[in-house]
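Visitor: One structure coming up, written as structure tokens, with questions to follow.
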Amino acid sequence: HYFIQSNLRMTSNNDRRSLVILAAVFGFAILTLSIIYSYLPDLPSEHQKHIKLPMDIEDAQNLGDVLSIYKETHYYSVMGVYFATYIFLQTFAIPGSIFLSILSGFLFPFPINLFLICCCSAIGATNCFLLFSLVGRKIVMRYFPERIQKWNSQVDKHRDSLLNYIIFLRITPFLPNWFINMTSPVIGVPVFPFVFGTFLGVAPPSLLAIQAGKTLKTLTSARDVTSPFQFFLLIALGLMTMIPVVFKHYFRKKLE
């Protein structure tokens with residue numbers, strides 16, 4: 001009985017320590033983001049109120065209006081703020097990056113906007129991967145035990161083709177990106193296929209967001225980004241990335 005209580009106390013202390021470390025990293029990231037934001041020019045009050053993380057399409061439209069004004073004279077400051085904000089959202093699995101992807105089509109020319117999104121997604125996802133690898137394993141296992149077990153069985157089937165599988169997951173909407181980022185280190189996904197699979201896999205859906213950004217003013221919600229045809233097109237493209245894997249398994253069985 002004492003041994004069980006001791007283990008429970010130790011588990012509780014470890015969880016508390018993990019949460020403290022996560023909170024400290026989050027606080028440091030907020031401080032860093034604030035410093036980066038300080039490089040923006042002094043803004044009048046009517047513009048300052050729109051400098052915030054976009055949580056809906058109206059926020060994105062207002063933020064786009066403000067940033068487009070200052071982009072002409074402070075191009076790299078605006079790009080730096082965009083870059084840092086996107087990575088921040090991805091690192092801590094905070095919703096809103098879809099609106100920043102749309103904004104990139106409004107603010108920046110192609111292919112700079114696509115490269116920005118792919119880089120930010122890969123860096124932010126890798127930060128989240130490393131963060132949860134170090135201090136978030138027990139938290140993830142506590143809150144998503146069944147989902148992790150199911151996904152682990154799927155990953156085990158693709159251990160010899162993880163790059164293709166990660167690309168497939170990033171293109172298709174079957175698993176949310178935050179779940180992939182947090183749980184990948186827990187089930188032993190290596191960093192290399194995770195990073196490059198993310199960089200390549202986010203490109204197709206990002207193209208749709210960039211295209212939507214060209215008509216930012218006419219959008220009414222994030223759902224306007226993808227039509228039913230484009231949705232199925234993404235799924236088809238994702239399935240195409242798995243064709244080499246299917247052939248690989250087929251010929252392996254033939255050789256055996």
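Ordered as shown in the structure tokens, chains take letters A, B, and onward, while each chain numbers its residues from 1 and ligands are numbered from 1 in the order shown.
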Just the helix (DSSP H, G or I) stuff from stretch 146-216 of chain A, please, per backbone DSSP, written as number ranges by chain.
Guide: A: 146-157, 159-171, 177-183, 191-201, 203-213, 216
Visitor: Just want the 12 Å neighbourhood of A:Trp151, counted on only C-alpha atoms, with same-chain residues fewer than 6 positions away dropped. Output as a PyMOL selection string.
Guide: chain A and resi 144-145+157-158+165+169+174-175+179-180+183-184+186-189
Visitor: Any idea what's packed within 10 Å of stretch 71-79 of chain A, counting only C-alpha atoms, ignoring anything in its chain fewer than 6 positions away? Could you give it as an NGL selection string?
Guide: :A and (36-41 or 64 or 85 or 104 or 107-108 or 113 or 116)
Visitor: Emit the selected residues as a short mmCIF file (atom, residue, chain, number, x, y, z; two decimals), in the first residue's frame, including all heavy atoms.
Guide:
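The resulting file, result01.cif, is reproduced below:
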```
data_model
loop_
_atom_site.label_atom_id
_atom_site.label_comp_id
_atom_site.auth_asym_id
_atom_site.auth_seq_id
_atom_site.Cartn_x
_atom_site.Cartn_y
_atom_site.Cartn_z
N ILE A 36 9.77 40.49 -30.74
CA ILE A 36 9.69 40.56 -32.20
C ILE A 36 8.62 41.55 -32.63
O ILE A 36 8.82 42.34 -33.56
CB ILE A 36 9.43 39.16 -32.78
CG1 ILE A 36 10.63 38.25 -32.53
CG2 ILE A 36 9.13 39.24 -34.28
CD1 ILE A 36 10.40 36.80 -32.89
N TYR A 37 7.48 41.54 -31.93
CA TYR A 37 6.39 42.47 -32.26
C TYR A 37 6.81 43.92 -32.02
O TYR A 37 6.27 44.84 -32.65
CB TYR A 37 5.15 42.15 -31.42
CG TYR A 37 4.20 41.18 -32.07
CD1 TYR A 37 4.59 39.87 -32.35
CD2 TYR A 37 2.91 41.56 -32.41
CE1 TYR A 37 3.73 38.98 -32.95
CE2 TYR A 37 2.02 40.67 -33.01
CZ TYR A 37 2.45 39.38 -33.28
OH TYR A 37 1.60 38.50 -33.87
N SER A 38 7.77 44.13 -31.11
CA SER A 38 8.21 45.49 -30.81
C SER A 38 8.94 46.13 -31.99
O SER A 38 9.11 47.35 -32.03
CB SER A 38 9.12 45.49 -29.57
OG SER A 38 10.37 44.88 -29.86
N TYR A 39 9.37 45.30 -32.96
CA TYR A 39 10.05 45.84 -34.13
C TYR A 39 9.08 46.39 -35.17
O TYR A 39 9.50 46.99 -36.15
CB TYR A 39 10.94 44.76 -34.77
CG TYR A 39 12.21 44.52 -34.00
CD1 TYR A 39 12.29 43.53 -33.03
CD2 TYR A 39 13.35 45.30 -34.23
CE1 TYR A 39 13.45 43.31 -32.31
CE2 TYR A 39 14.52 45.08 -33.51
CZ TYR A 39 14.56 44.09 -32.56
OH TYR A 39 15.71 43.88 -31.84
N LEU A 40 7.78 46.16 -34.95
CA LEU A 40 6.81 46.80 -35.82
C LEU A 40 6.81 48.30 -35.54
O LEU A 40 7.13 48.73 -34.43
CB LEU A 40 5.41 46.24 -35.56
CG LEU A 40 5.07 44.87 -36.18
CD1 LEU A 40 3.70 44.42 -35.69
CD2 LEU A 40 5.09 44.93 -37.70
N PRO A 41 6.47 49.12 -36.52
CA PRO A 41 6.43 50.57 -36.29
C PRO A 41 5.33 50.93 -35.30
O PRO A 41 4.42 50.13 -35.04
CB PRO A 41 6.13 51.13 -37.69
CG PRO A 41 5.44 50.02 -38.41
CD PRO A 41 6.08 48.76 -37.89
N GLY A 64 -4.92 41.44 -41.99
CA GLY A 64 -4.37 41.59 -43.34
C GLY A 64 -4.39 43.03 -43.79
O GLY A 64 -3.43 43.51 -44.41
N THR A 85 4.97 34.30 -35.45
CA THR A 85 3.63 33.99 -34.98
C THR A 85 3.19 32.60 -35.44
O THR A 85 2.62 31.82 -34.66
CB THR A 85 2.61 35.04 -35.46
OG1 THR A 85 3.05 36.34 -35.05
CG2 THR A 85 1.23 34.76 -34.90
N SER A 104 -1.01 34.62 -45.89
CA SER A 104 0.20 34.61 -46.70
C SER A 104 -0.13 34.85 -48.17
O SER A 104 0.64 35.48 -48.90
CB SER A 104 0.94 33.28 -46.54
OG SER A 104 0.26 32.23 -47.20
N LEU A 107 -0.68 38.64 -48.43
CA LEU A 107 0.43 39.55 -48.14
C LEU A 107 1.66 39.35 -49.02
O LEU A 107 2.35 40.31 -49.36
CB LEU A 107 0.85 39.39 -46.67
CG LEU A 107 -0.14 39.85 -45.60
CD1 LEU A 107 0.37 39.46 -44.22
CD2 LEU A 107 -0.35 41.35 -45.69
N PHE A 108 1.95 38.10 -49.36
CA PHE A 108 3.23 37.80 -50.01
C PHE A 108 3.03 37.16 -51.38
O PHE A 108 2.02 36.47 -51.61
CB PHE A 108 4.07 36.87 -49.12
CG PHE A 108 4.26 37.38 -47.73
CD1 PHE A 108 3.68 36.73 -46.64
CD2 PHE A 108 5.03 38.51 -47.48
CE1 PHE A 108 3.84 37.19 -45.35
CE2 PHE A 108 5.21 38.99 -46.20
CZ PHE A 108 4.61 38.33 -45.13
N ASN A 113 5.32 32.86 -50.38
CA ASN A 113 4.31 32.51 -49.36
C ASN A 113 4.26 31.00 -49.12
O ASN A 113 4.14 30.56 -47.97
CB ASN A 113 2.93 33.04 -49.75
CG ASN A 113 2.59 32.84 -51.22
OD1 ASN A 113 3.10 31.93 -51.87
ND2 ASN A 113 1.73 33.69 -51.75
N LEU A 116 7.30 30.00 -47.09
CA LEU A 116 7.12 30.46 -45.72
C LEU A 116 6.25 29.49 -44.91
O LEU A 116 6.60 29.10 -43.79
CB LEU A 116 6.46 31.85 -45.71
CG LEU A 116 7.36 33.08 -45.62
CD1 LEU A 116 6.51 34.34 -45.70
CD2 LEU A 116 8.19 33.08 -44.35
#
```
Visitor: For atom CA of A:Leu33 and atom CA of A:Ser101, quote the distance in Å rounded to one decimal.
Guide: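 According to the coordinates, atom CA of A:Leu33 and atom CA of A:Ser101 are separated by 18.4 Å.
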Visitor: For A:Tyr86, which residue among A:Cys120, A:Ile102, A:Ala60, A:Ile171 is the nearest when counting only C-alpha atoms?
Guide: A:Cys120
Visitor: May I ask for the distance between atom CA of A:Arg17 and atom CA of A:Gly124, given in Å to one decimal place?
Guide: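 Calculated distance between atom CA of A:Arg17 and atom CA of A:Gly124 is 23.0 Å.
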Visitor: What does the structure give for the distance between atom CA of A:Ala93 and atom CA of A:Trp178, in Å to one decimal?
Guide: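 These atoms are spaced 5.2 Å apart.
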Visitor: List the neighbours of A:Ile117 out to 12 Å using only C-alpha atoms; skip same-chain residues closer than 6 positions along the sequence, and give me the result as JSON, numbers by chain.
Guide: {"A": [79, 82, 83, 84, 85, 86, 87, 90, 97, 98, 99, 100, 101, 102, 103, 104, 105, 108, 110, 111, 123, 124, 125, 198, 199, 200, 201, 202, 203, 204, 205, 206, 207, 208, 209, 210]}
Visitor: So, counting only C-alpha atoms, which residue among A:Pro44, A:Pro185, A:Pro176, A:Gly80 is closest to A:Asn127?
Guide: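 The closest residue to A:Asn127 is A:Pro185.
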Visitor: With distances taken over only C-alpha atoms, which residue among A:Val25, A:Val191, A:Val140, A:Ile57 lies nearest A:Lys217?
Guide: A:Ile57
Visitor: Considering only C-alpha atoms, can you say which of A:Leu162, A:Val135, A:Arg147, A:Gln154 comes closest to A:Val20?
Guide: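 Smallest separation from A:Val20 among the options: A:Val135.
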Visitor: Need the shell around A:Glu46: protein/DNA/RNA residues with any atom at most 12 Å away, counting only C-alpha atoms. Skip same-chain ones fewer than 3 positions apart. Format as a PDB file with all heavy atoms, in the first residue's frame?
Guide:
```
ATOM      1  N   ASP A  42       5.420  52.120 -34.738  1.00  0.00           N
ATOM      2  CA  ASP A  42       4.361  52.593 -33.843  1.00  0.00           C
ATOM      3  C   ASP A  42       3.048  52.672 -34.619  1.00  0.00           C
ATOM      4  O   ASP A  42       2.971  53.283 -35.689  1.00  0.00           O
ATOM      5  CB  ASP A  42       4.715  53.978 -33.294  1.00  0.00           C
ATOM      6  CG  ASP A  42       5.909  53.914 -32.342  1.00  0.00           C
ATOM      7  OD1 ASP A  42       6.090  52.854 -31.716  1.00  0.00           O
ATOM      8  OD2 ASP A  42       6.642  54.913 -32.240  1.00  0.00           O
ATOM      9  N   LEU A  43       2.023  52.042 -34.066  1.00  0.00           N
ATOM     10  CA  LEU A  43       0.743  51.964 -34.759  1.00  0.00           C
ATOM     11  C   LEU A  43      -0.291  52.827 -34.054  1.00  0.00           C
ATOM     12  O   LEU A  43      -0.318  52.897 -32.818  1.00  0.00           O
ATOM     13  CB  LEU A  43       0.242  50.515 -34.794  1.00  0.00           C
ATOM     14  CG  LEU A  43       1.197  49.456 -35.345  1.00  0.00           C
ATOM     15  CD1 LEU A  43       0.557  48.077 -35.230  1.00  0.00           C
ATOM     16  CD2 LEU A  43       1.541  49.752 -36.792  1.00  0.00           C
ATOM     17  N   LYS A  49      -5.477  47.525 -32.324  1.00  0.00           N
ATOM     18  CA  LYS A  49      -6.490  46.575 -31.849  1.00  0.00           C
ATOM     19  C   LYS A  49      -6.629  45.351 -32.750  1.00  0.00           C
ATOM     20  O   LYS A  49      -7.168  44.323 -32.335  1.00  0.00           O
ATOM     21  CB  LYS A  49      -7.843  47.273 -31.700  1.00  0.00           C
ATOM     22  CG  LYS A  49      -8.436  47.768 -33.012  1.00  0.00           C
ATOM     23  CD  LYS A  49      -9.754  48.495 -32.769  1.00  0.00           C
ATOM     24  CE  LYS A  49     -10.355  48.990 -34.083  1.00  0.00           C
ATOM     25  NZ  LYS A  49     -11.642  49.708 -33.861  1.00  0.00           N
ATOM     26  N   HIS A  50      -6.112  45.476 -33.989  1.00  0.00           N
ATOM     27  CA  HIS A  50      -6.195  44.345 -34.924  1.00  0.00           C
ATOM     28  C   HIS A  50      -4.924  43.493 -34.939  1.00  0.00           C
ATOM     29  O   HIS A  50      -4.885  42.464 -35.618  1.00  0.00           O
ATOM     30  CB  HIS A  50      -6.485  44.856 -36.334  1.00  0.00           C
ATOM     31  CG  HIS A  50      -7.806  45.551 -36.471  1.00  0.00           C
ATOM     32  ND1 HIS A  50      -8.989  44.999 -36.028  1.00  0.00           N
ATOM     33  CD2 HIS A  50      -8.130  46.777 -36.996  1.00  0.00           C
ATOM     34  CE1 HIS A  50      -9.985  45.833 -36.275  1.00  0.00           C
ATOM     35  NE2 HIS A  50      -9.487  46.915 -36.843  1.00  0.00           N
ATOM     36  N   ILE A  51      -3.890  43.914 -34.207  1.00  0.00           N
ATOM     37  CA  ILE A  51      -2.652  43.130 -34.134  1.00  0.00           C
ATOM     38  C   ILE A  51      -2.824  42.080 -33.034  1.00  0.00           C
ATOM     39  O   ILE A  51      -2.497  42.288 -31.870  1.00  0.00           O
ATOM     40  CB  ILE A  51      -1.423  44.035 -33.844  1.00  0.00           C
ATOM     41  CG1 ILE A  51      -1.279  45.102 -34.927  1.00  0.00           C
ATOM     42  CG2 ILE A  51      -0.153  43.193 -33.766  1.00  0.00           C
ATOM     43  CD1 ILE A  51      -1.001  44.551 -36.303  1.00  0.00           C
ATOM     44  N   ASN A  62      -8.999  41.783 -40.904  1.00  0.00           N
ATOM     45  CA  ASN A  62      -8.561  43.024 -40.250  1.00  0.00           C
ATOM     46  C   ASN A  62      -7.039  43.060 -40.110  1.00  0.00           C
ATOM     47  O   ASN A  62      -6.407  44.096 -40.355  1.00  0.00           O
ATOM     48  CB  ASN A  62      -9.203  43.150 -38.869  1.00  0.00           C
ATOM     49  CG  ASN A  62     -10.695  43.392 -38.941  1.00  0.00           C
ATOM     50  OD1 ASN A  62     -11.187  43.998 -39.902  1.00  0.00           O
ATOM     51  ND2 ASN A  62     -11.430  42.937 -37.944  1.00  0.00           N
ATOM     52  N   LEU A  63      -6.452  41.931 -39.719  1.00  0.00           N
ATOM     53  CA  LEU A  63      -4.994  41.853 -39.591  1.00  0.00           C
ATOM     54  C   LEU A  63      -4.330  42.037 -40.941  1.00  0.00           C
ATOM     55  O   LEU A  63      -3.301  42.722 -41.061  1.00  0.00           O
ATOM     56  CB  LEU A  63      -4.598  40.504 -38.978  1.00  0.00           C
ATOM     57  CG  LEU A  63      -3.106  40.271 -38.715  1.00  0.00           C
ATOM     58  CD1 LEU A  63      -2.552  41.320 -37.751  1.00  0.00           C
ATOM     59  CD2 LEU A  63      -2.885  38.873 -38.151  1.00  0.00           C
ATOM     60  N   ASP A  65      -5.468  43.754 -43.487  1.00  0.00           N
ATOM     61  CA  ASP A  65      -5.563  45.172 -43.858  1.00  0.00           C
ATOM     62  C   ASP A  65      -4.446  45.982 -43.218  1.00  0.00           C
ATOM     63  O   ASP A  65      -3.797  46.808 -43.881  1.00  0.00           O
ATOM     64  CB  ASP A  65      -6.924  45.735 -43.431  1.00  0.00           C
ATOM     65  CG  ASP A  65      -8.053  45.261 -44.324  1.00  0.00           C
ATOM     66  OD1 ASP A  65      -7.762  44.839 -45.458  1.00  0.00           O
ATOM     67  OD2 ASP A  65      -9.217  45.294 -43.881  1.00  0.00           O
ATOM     68  N   VAL A  66      -4.225  45.749 -41.922  1.00  0.00           N
ATOM     69  CA  VAL A  66      -3.204  46.508 -41.193  1.00  0.00           C
ATOM     70  C   VAL A  66      -1.805  46.163 -41.695  1.00  0.00           C
ATOM     71  O   VAL A  66      -0.998  47.053 -41.993  1.00  0.00           O
ATOM     72  CB  VAL A  66      -3.304  46.242 -39.676  1.00  0.00           C
ATOM     73  CG1 VAL A  66      -2.133  46.897 -38.943  1.00  0.00           C
ATOM     74  CG2 VAL A  66      -4.623  46.763 -39.132  1.00  0.00           C
TER      75      VAL A  66
END
```
Visitor: Using only C-alpha atoms, which of the listed residues (A:Ile69, A:Ile30, A:Leu114, A:Ile148) sits closest to A:Leu89?
Guide: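 Nearest to A:Leu89: A:Ile30.
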